[in-house]
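Scroll down for the structure; my scribbles are underneath it.
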Amino acid sequence: MSDPIAAPRFVPLAELLGSGRDPRAPVAFSRTGERSFGDFVGRVAALADAIRARRAARWILFSEDSYAFAVGLFALAHAGARALVAPNRQSQTLAELAVHAEGALLDPGLGGDALARLPRLDPLEVTPAAGVTALPPLDPDQPLAELSTSGTTGPGKAVPKTLGHLEREIAVHETLFGELVGGDARMFATVSHQHLYGLLFRLLWPLASGRPFCSETFLHLEELFPRIRESGGCALVTTPVHLRRMRADSELKSLRPALRALFSSGGPLEIDVARDVVAQIGHAPLEIFGSTETGGVAFRAQRASGDSTPWRAFPGVELWLEPPDQRLGVRSPYVSHGSATREGDRQEIVMGDRAELSPEGFQLLGRADRIVKIGEKRLALPEMESHLRAHPWVADAALLAFDNQGDARVGAVVALSDSGEAALAERGRRVLGSQLADHLAGYWDRVLLPRAWRYVAELPRDAQGKSSRAALAALFDDGAERAPVLLPVLLSEQRDARSLVRELRVPSDLAFLEGHFPGHPVVAGVVQIHWLMQAASDLLGPGFRPRALEGVRFRELLLPGQVFTLELVLADDADSASWKLCDGARVFASGRLVLS
């Protein structure tokens, strides 16, 4: 009988691969099995050798799989190279990073011609080094990675991080939250590890603390919830957007015995959502406030009753208010993009968030860069958004200011509730906008009210649940309101080299619904096939050649507003792919795509 695996202990990231941790200890898990610490060390060692052999210092790093990303990140660190962490897999994003890169660590099939000049490696393709059980310690002060900001208030920018910035922060997470989570917990996440919040909570903290993390992202609550129930004890790293969906699911309360902690970041969580979650699982989500530049700044768990709970600064973080807008100033060992202070590794930066300090912590008052001047009057966009969301026709909303021939104007992007969709169908766009404006006129002068309205099924959001200003502004481009809607709304996506799974919604104003059929609109089969072909092109590349469709069956009507999943799986011999459009066990269409 083999000896039991020793209980995990917290190890600084710089010493992780030389720590002597049991090689049998699980590091990551997925539907296909577990990855051990021994496998992790062997793969990092082999990939580091391959990186050194190519003599490239700056590498693009992107993988959908968290374990593959971890192998790539630590291999770059041990090779003395730097990771340019791609915020997404889009070809233009990778092409822009390629200008500054000398190599690429990517999932197969990404990048295309834009990366043709770069040496590229699949993080999991290199055969693990045999007999390697430990690697030398790393220098915590060495440049490790460049992360991209979300672009919620303007263009994104690259933010450098050393290993020390990251390991100091996760050491605080362990001190504050480790006992709550438990040493034997498994870590699940709905957020991407390609951004700082997911990188820290989903990947680096579990690695340092010895808690296995899920290397894949489950798109549906129907997939995620059973795995949480079966985990024996876990924590979930998520966002307010996902928590809004979860609190409305009757199965959430079934997670109570297994779900020890919920972490949320990407924006303040509405108090009613927090209270609903408390009622169902017994404890409040732990909200994390910070930014890519600052790292973690503060945290809170909202009270079940009473006023809004103040934020508490993380240990080692000093705060002040910067006049004239009372923006929050941060001095911290986690800040990586500010001005240095006399204390060496502590840098300071003034955030774009306005705040009010108190002995208990601070309250957020909205973004200073989201206070705009319209007709000589000042308007706080977050405050108006909050009142707009309170209307029964509105499920979610975002405002932005834009220039209209020299005059500042406010535009509103609104995701409608079911009653809002009904009002839109009955009254039309102009009347709907007028009545929503009347609702806001009870609080603001009419000169401040939105002059342009756009109605969408879902706000455009990135993997962190944030809406970039660029994505919102694109909705107000000339002709955007008149442009026909030809595609389903993409809610989420998961892919690897051989499969693509998209969660989609049929827009109520889909152009293809007109005339098909009057009074009873349905999505035609030819439109569903068109969406399938677009997905196949995205998975297989623009050069893919379909030869035939076989076994096609349209089993149920696909209607406006329906949320559905498009699944496409390549066969082992790569000469065909099975596909289906479904909602759980309910199948709308299915078949087989034969490839040339």
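In the structure tokens, the first chain shown is A, the next is B, and so on; residue numbers restart at 1 for each chain, and ligands run from 1 in the order shown.
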Go through region 26-103 of chain A and collect every residue that DSSP, computed from the backbone, puts in helix (DSSP H, G or I); the answer should be as a ChimeraX atom specification. /A:37-54,66-78,91-98
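Proximity to Glu179 (chain A) at 12 Å, evaluated using only C-alpha atoms and with sequence-adjacent residues fewer than 4 positions away removed, yields His173, Glu174, Thr175, Gly183, Asp184, Ala185, Ser209, Ala235, Arg260 and Ala261 of chain A.
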Could the residues in this selection be written to a file with N, CA and C atoms, as a PDB file, in the first residue's frame?
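Generated output (out-v9.pdb):
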```
ATOM      1  N   HIS A 173      -4.434  36.452   0.368  1.00  0.00           N
ATOM      2  CA  HIS A 173      -5.671  35.680   0.166  1.00  0.00           C
ATOM      3  C   HIS A 173      -5.689  34.462   1.090  1.00  0.00           C
ATOM      4  N   GLU A 174      -4.561  33.787   1.190  1.00  0.00           N
ATOM      5  CA  GLU A 174      -4.498  32.603   2.048  1.00  0.00           C
ATOM      6  C   GLU A 174      -4.717  32.970   3.510  1.00  0.00           C
ATOM      7  N   THR A 175      -4.121  34.083   3.941  1.00  0.00           N
ATOM      8  CA  THR A 175      -4.281  34.524   5.331  1.00  0.00           C
ATOM      9  C   THR A 175      -5.728  34.867   5.635  1.00  0.00           C
ATOM     10  N   GLY A 183      -8.339  23.515   3.346  1.00  0.00           N
ATOM     11  CA  GLY A 183      -7.179  23.023   2.627  1.00  0.00           C
ATOM     12  C   GLY A 183      -7.490  21.982   1.576  1.00  0.00           C
ATOM     13  N   ASP A 184      -8.625  21.284   1.706  1.00  0.00           N
ATOM     14  CA  ASP A 184      -8.961  20.213   0.759  1.00  0.00           C
ATOM     15  C   ASP A 184      -9.958  20.661  -0.305  1.00  0.00           C
ATOM     16  N   ALA A 185     -10.223  21.956  -0.401  1.00  0.00           N
ATOM     17  CA  ALA A 185     -11.238  22.453  -1.342  1.00  0.00           C
ATOM     18  C   ALA A 185     -10.767  22.329  -2.781  1.00  0.00           C
ATOM     19  N   SER A 209      -1.295  27.068  -2.780  1.00  0.00           N
ATOM     20  CA  SER A 209      -1.890  26.487  -1.577  1.00  0.00           C
ATOM     21  C   SER A 209      -2.138  24.986  -1.690  1.00  0.00           C
ATOM     22  N   ALA A 235     -14.731  26.097  -3.674  1.00  0.00           N
ATOM     23  CA  ALA A 235     -14.982  27.528  -3.775  1.00  0.00           C
ATOM     24  C   ALA A 235     -15.216  27.849  -5.245  1.00  0.00           C
ATOM     25  N   ARG A 260     -18.283  26.288  -0.113  1.00  0.00           N
ATOM     26  CA  ARG A 260     -17.794  26.932   1.108  1.00  0.00           C
ATOM     27  C   ARG A 260     -17.588  28.419   0.951  1.00  0.00           C
ATOM     28  N   ALA A 261     -17.249  28.866  -0.258  1.00  0.00           N
ATOM     29  CA  ALA A 261     -16.989  30.289  -0.472  1.00  0.00           C
ATOM     30  C   ALA A 261     -17.286  30.660  -1.916  1.00  0.00           C
TER      31      ALA A 261
END
```
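Taking only C-alpha atoms, the non-local environment of Gly267 (chain A) within 10 Å (same-chain residues fewer than 6 positions away omitted) comprises A:Thr239, A:Pro240, A:Val241, A:Glu287, A:Ile288, A:Phe289, A:Gly290, A:Gln464, A:Gly465, A:Lys466.
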Length of the CA of Thr565 (chain A) to CA of Val456 (chain A) vector [Å]: 19.0 Å
Just the residues within 8 Å of Leu17 (chain A), please, counting only C-alpha atoms, with nothing from its chain fewer than 6 positions along; format it as a PyMOL selection string. chain A and resi 41+134-137
